[in-house]
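Text of target.cif, listed as mmCIF, C-alpha atoms:
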```
data_structure
#
loop_
_atom_site.label_atom_id
_atom_site.label_comp_id
_atom_site.auth_asym_id
_atom_site.auth_seq_id
_atom_site.Cartn_x
_atom_site.Cartn_y
_atom_site.Cartn_z
CA MET A 1 7.84 11.13 24.38
CA THR A 2 6.13 8.40 22.38
CA ARG A 3 6.50 8.08 18.67
CA PRO A 4 3.37 8.36 16.50
CA ASN A 5 1.94 5.27 14.84
CA VAL A 6 2.83 4.70 11.22
CA LEU A 7 0.55 3.52 8.43
CA LEU A 8 2.26 0.13 8.26
CA GLU A 9 1.15 -0.64 11.81
CA SER A 10 -2.51 0.19 11.30
CA TRP A 11 -3.35 -0.58 7.66
CA LEU A 12 -1.72 -2.20 4.66
CA PRO A 13 -3.86 -3.79 1.90
CA PHE A 14 -1.99 -7.04 1.39
CA ASP A 15 -4.53 -8.44 -1.10
CA THR A 16 -4.36 -5.34 -3.34
CA ILE A 17 -0.59 -5.10 -3.12
CA GLY A 18 -0.26 -8.83 -3.80
CA ALA A 19 -2.43 -8.61 -6.93
CA GLU A 20 -0.38 -5.67 -8.18
CA SER A 21 2.81 -7.57 -7.46
CA LEU A 22 1.57 -10.49 -9.58
CA ARG A 23 0.69 -8.10 -12.42
CA GLU A 24 4.12 -6.50 -12.14
CA ARG A 25 5.83 -9.89 -12.25
CA GLY A 26 3.70 -11.02 -15.19
CA ALA A 27 4.60 -7.92 -17.17
CA SER A 28 8.30 -8.55 -16.71
CA SER A 29 8.68 -11.32 -19.24
CA ALA A 30 12.36 -10.45 -19.65
CA LEU A 31 13.07 -11.73 -16.15
CA PRO A 32 14.29 -15.30 -15.72
CA PRO A 33 11.78 -17.93 -14.55
CA LEU A 34 11.28 -18.47 -10.83
CA TYR A 35 13.04 -21.85 -10.84
CA PHE A 36 16.39 -20.08 -11.32
CA LEU A 37 17.07 -19.75 -7.61
CA HIS A 38 20.53 -18.33 -8.07
CA VAL A 39 19.03 -15.22 -9.66
CA TRP A 40 17.66 -13.93 -6.36
CA TRP A 41 17.40 -10.30 -7.52
CA ALA A 42 14.89 -11.20 -10.23
CA ARG A 43 12.45 -12.57 -7.68
CA ARG A 44 12.21 -9.66 -5.27
CA PRO A 45 8.68 -8.29 -4.89
CA LEU A 46 9.16 -4.65 -5.83
CA THR A 47 5.57 -3.57 -5.22
CA VAL A 48 5.50 -5.09 -1.76
CA SER A 49 8.89 -3.62 -0.90
CA ARG A 50 7.90 -0.12 -2.01
CA ALA A 51 4.59 -0.26 -0.14
CA ALA A 52 6.19 -1.50 3.08
CA ILE A 53 8.93 1.14 3.03
CA VAL A 54 6.59 4.05 2.28
CA ALA A 55 3.94 2.83 4.75
CA SER A 56 6.60 2.68 7.44
CA LEU A 57 7.41 6.37 6.83
CA LEU A 58 3.84 7.72 6.62
CA LEU A 59 1.77 8.42 9.70
CA ASP A 60 -1.41 6.44 10.30
CA TYR A 61 -4.79 8.05 9.57
CA ASP A 62 -5.63 8.90 13.19
CA THR A 63 -2.47 10.98 13.48
CA VAL A 64 -3.02 12.62 10.09
CA ALA A 65 -6.66 13.43 10.90
CA ALA A 66 -5.54 15.35 13.99
CA ALA A 67 -3.62 17.83 11.82
CA PRO A 68 -5.97 20.65 10.72
CA ARG A 69 -4.22 21.21 7.39
CA LEU A 70 -4.56 17.56 6.42
CA GLN A 71 -8.18 17.15 7.51
CA ASP A 72 -9.36 18.99 4.38
CA ARG A 73 -7.24 16.84 2.08
CA PHE A 74 -8.15 13.52 3.72
CA PRO A 75 -11.63 13.80 5.29
CA THR A 76 -11.92 10.01 5.70
CA ASP A 77 -9.52 7.13 6.12
CA GLY A 78 -10.75 5.82 2.75
CA ASP A 79 -9.43 8.97 1.05
CA TYR A 80 -6.09 8.54 2.80
CA HIS A 81 -5.88 4.88 1.79
CA ALA A 82 -6.85 5.67 -1.83
CA TRP A 83 -4.12 8.35 -1.92
CA PHE A 84 -1.59 5.82 -0.63
CA LEU A 85 -2.51 3.31 -3.35
CA ARG A 86 -2.24 6.00 -6.05
CA LEU A 87 1.12 7.06 -4.60
CA MET A 88 2.32 3.46 -4.90
CA GLY A 89 1.07 3.27 -8.49
CA ILE A 90 -1.54 0.66 -7.64
CA HIS A 91 -4.53 1.45 -9.81
CA GLY A 92 -6.06 -2.01 -9.95
CA ASP A 93 -6.53 -4.08 -13.05
CA PRO A 94 -7.59 -1.75 -15.90
CA VAL A 95 -9.22 -4.52 -17.90
CA ALA A 96 -10.68 -6.70 -15.15
CA ASP A 97 -14.26 -5.69 -15.89
CA ARG A 98 -13.88 -5.54 -19.70
CA ILE A 99 -15.45 -8.24 -21.84
CA LEU A 100 -14.45 -8.74 -25.47
CA VAL A 101 -16.91 -10.37 -27.84
CA VAL A 102 -14.99 -12.07 -30.63
CA VAL A 103 -16.87 -13.31 -33.69
CA ASN A 104 -14.92 -15.10 -36.45
CA GLY A 105 -11.63 -13.77 -35.07
CA ALA A 106 -12.74 -10.12 -35.01
CA ILE A 107 -13.61 -8.08 -31.93
CA MET A 108 -17.24 -7.13 -32.38
CA GLU A 109 -18.03 -5.61 -28.97
CA MET A 110 -16.17 -4.50 -25.89
CA GLY A 111 -17.44 -3.26 -22.53
CA SER A 112 -18.63 -4.23 -19.09
CA HIS A 113 -21.39 -6.79 -18.58
CA ALA A 114 -24.01 -4.08 -18.04
CA GLU A 115 -22.86 -2.02 -21.05
CA LEU A 116 -22.98 -5.03 -23.35
CA LEU A 117 -26.43 -6.04 -22.16
CA ARG A 118 -27.71 -2.50 -22.77
CA ALA A 119 -26.24 -2.53 -26.30
CA ARG A 120 -28.35 -5.62 -27.15
CA GLY A 121 -25.76 -6.99 -29.58
CA HIS A 122 -23.96 -10.33 -29.86
CA TYR A 123 -23.25 -10.53 -26.14
CA TYR A 124 -26.88 -9.85 -25.24
CA ARG A 125 -28.12 -12.58 -27.60
CA LEU A 126 -25.59 -15.09 -26.28
CA TYR A 127 -26.30 -14.23 -22.65
CA THR A 128 -30.09 -14.35 -22.97
CA GLN A 129 -29.93 -17.59 -24.97
CA GLN A 130 -27.68 -19.24 -22.40
CA PHE A 131 -29.56 -18.06 -19.32
CA ARG A 132 -33.11 -17.83 -20.73
CA HIS A 133 -34.45 -20.69 -18.60
CA GLU A 134 -33.00 -19.30 -15.39
CA MET A 135 -34.27 -15.79 -16.21
CA GLU A 136 -37.79 -17.05 -16.94
CA ARG A 137 -37.84 -19.12 -13.78
CA GLU A 138 -36.59 -16.19 -11.68
CA TYR A 139 -38.70 -13.36 -13.13
CA LEU A 140 -41.84 -15.15 -14.27
CA GLY A 141 -41.97 -18.04 -11.85
CA ILE A 142 -42.26 -20.49 -14.76
CA GLU A 143 -40.67 -23.92 -14.55
CA ILE A 144 -39.49 -25.07 -18.00
CA GLU A 145 -38.69 -28.69 -18.69
CA ARG A 146 -35.43 -29.29 -20.53
#
```

Rewritten as structure tokens:
Amino acid sequence: MTRPNVLLESWLPFDTIGAESLRERGASSALPPLYFLHVWWARRPLTVSRAAIVASLLLDYDTVAAAPRLQDRFPTDGDYHAWFLRLMGIHGDPVADRILVVVNGAIMEMGSHAELLRARGHYYRLYTQQFRHEMEREYLGIEIER
């Protein structure tokens, strides 16, 4: 009898887990700096360790998809992988796509690039002023001398 494949053998998002590990390490400012080699416990990558252990216990998607009860819960391998990342507590960077517009030390606007352009506020004026020449050249076909 052969053993079924586990998730660790078929898929493990090292880039996502690595980014989360860096965020986790950055949030732990109470830990000693990395140049204290004698404090080995402070340098262990908890996110990577958790993901590797759990992924070694879970079955891979092909095995899970063969089970009728699990087919409804995980119709695609993307759903299974997203569930694994949520299980590990990896939600990505919550502020990676947020832009803060600070004017005279006060936050005037906050949002994604598209939201701030639609609002037509400080960010819109700055962006259009900075990239006006490129926008005119691209959309109107006009070459402007600087």

Just how far from atom CA of A:Leu12 is atom CA of A:Leu70, in Å to one decimal?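 Those two atoms sit 20.0 Å apart.
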
Which residue, A:Ser10, A:Ser21, A:Gln129, A:Thr47, has the smallest gap to A:Thr63 when you use all atoms listed in the file?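 Distance minimum relative to A:Thr63 lands on A:Ser10.
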
If you count all atoms listed in the file, the residue of A:Ile17, A:Leu57, A:Val48, A:Leu7 closest to A:Tyr80 turns out to be A:Leu7

Among A:Ala51, A:Glu115, A:Met108, A:Ile99, A:Arg86 is approached most closely, using only C-alpha atoms, by A:Ala51

Excluding A:Leu100 and any residue of its chain fewer than 4 positions from it, enumerate the residues within 12 Å of it, using only C-alpha atoms, and give them as JSON, numbers by chain. {"A": [95, 96, 105, 106, 107, 108, 109, 110, 111, 112, 113, 115, 116, 122, 123]}

Dump of C-alpha atoms for the selected residues, as a PDB file, in the coordinates of the input:
```
ATOM      1  CA  VAL A  95      -9.220  -4.520 -17.900  1.00  0.00           C
ATOM      2  CA  ALA A  96     -10.680  -6.700 -15.150  1.00  0.00           C
ATOM      3  CA  GLY A 105     -11.630 -13.770 -35.070  1.00  0.00           C
ATOM      4  CA  ALA A 106     -12.740 -10.120 -35.010  1.00  0.00           C
ATOM      5  CA  ILE A 107     -13.610  -8.080 -31.930  1.00  0.00           C
ATOM      6  CA  MET A 108     -17.240  -7.130 -32.380  1.00  0.00           C
ATOM      7  CA  GLU A 109     -18.030  -5.610 -28.970  1.00  0.00           C
ATOM      8  CA  MET A 110     -16.170  -4.500 -25.890  1.00  0.00           C
ATOM      9  CA  GLY A 111     -17.440  -3.260 -22.530  1.00  0.00           C
ATOM     10  CA  SER A 112     -18.630  -4.230 -19.090  1.00  0.00           C
ATOM     11  CA  HIS A 113     -21.390  -6.790 -18.580  1.00  0.00           C
ATOM     12  CA  GLU A 115     -22.860  -2.020 -21.050  1.00  0.00           C
ATOM     13  CA  LEU A 116     -22.980  -5.030 -23.350  1.00  0.00           C
ATOM     14  CA  HIS A 122     -23.960 -10.330 -29.860  1.00  0.00           C
ATOM     15  CA  TYR A 123     -23.250 -10.530 -26.140  1.00  0.00           C
TER      16      TYR A 123
END
```

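Residue membership of the PyMOL selection byres ((chain A and resi 91) around 12) in the shown file amounts to Thr16, Ile17, Ala19, Glu20, Ser21, Arg23, Glu24, Ala82, Trp83, Phe84, Leu85, Arg86, Leu87, Met88, Gly89, Ile90, Gly92, Asp93, Pro94, Val95 and Ala96 of chain A.
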
Looking at A:Asn104, A:Ser49, A:Gln130, A:Asn5, which one is nearest to A:Val64, with distances taken over all atoms listed in the file?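 Going through A:Asn104, A:Ser49, A:Gln130, A:Asn5 one by one, the smallest distance to A:Val64 is for A:Asn5.
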
May I ask for the distance between atom CA of A:Asp62 and atom CA of A:Phe14, given in Å to one decimal place?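 Interatomic distance, atom CA of A:Asp62 to atom CA of A:Phe14: 20.2 Å.
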
Given all atoms listed in the file as the counted atoms, nearest of A:Val54, A:Ala65, A:Leu46, A:Val101 to A:Leu117: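 Nearest to A:Leu117: A:Val101.
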
For atom CA of A:Leu59 and atom CA of A:Glu9, determine how far apart the two atoms are, in Å to one decimal place. 9.3 Å

Contacts of A:Leu8 at 7 Å or less, counting only C-alpha atoms, minus same-chain residues fewer than 5 places along, as a list in words?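 Those residues are Ala52, Ala55 and Ser56 of chain A.
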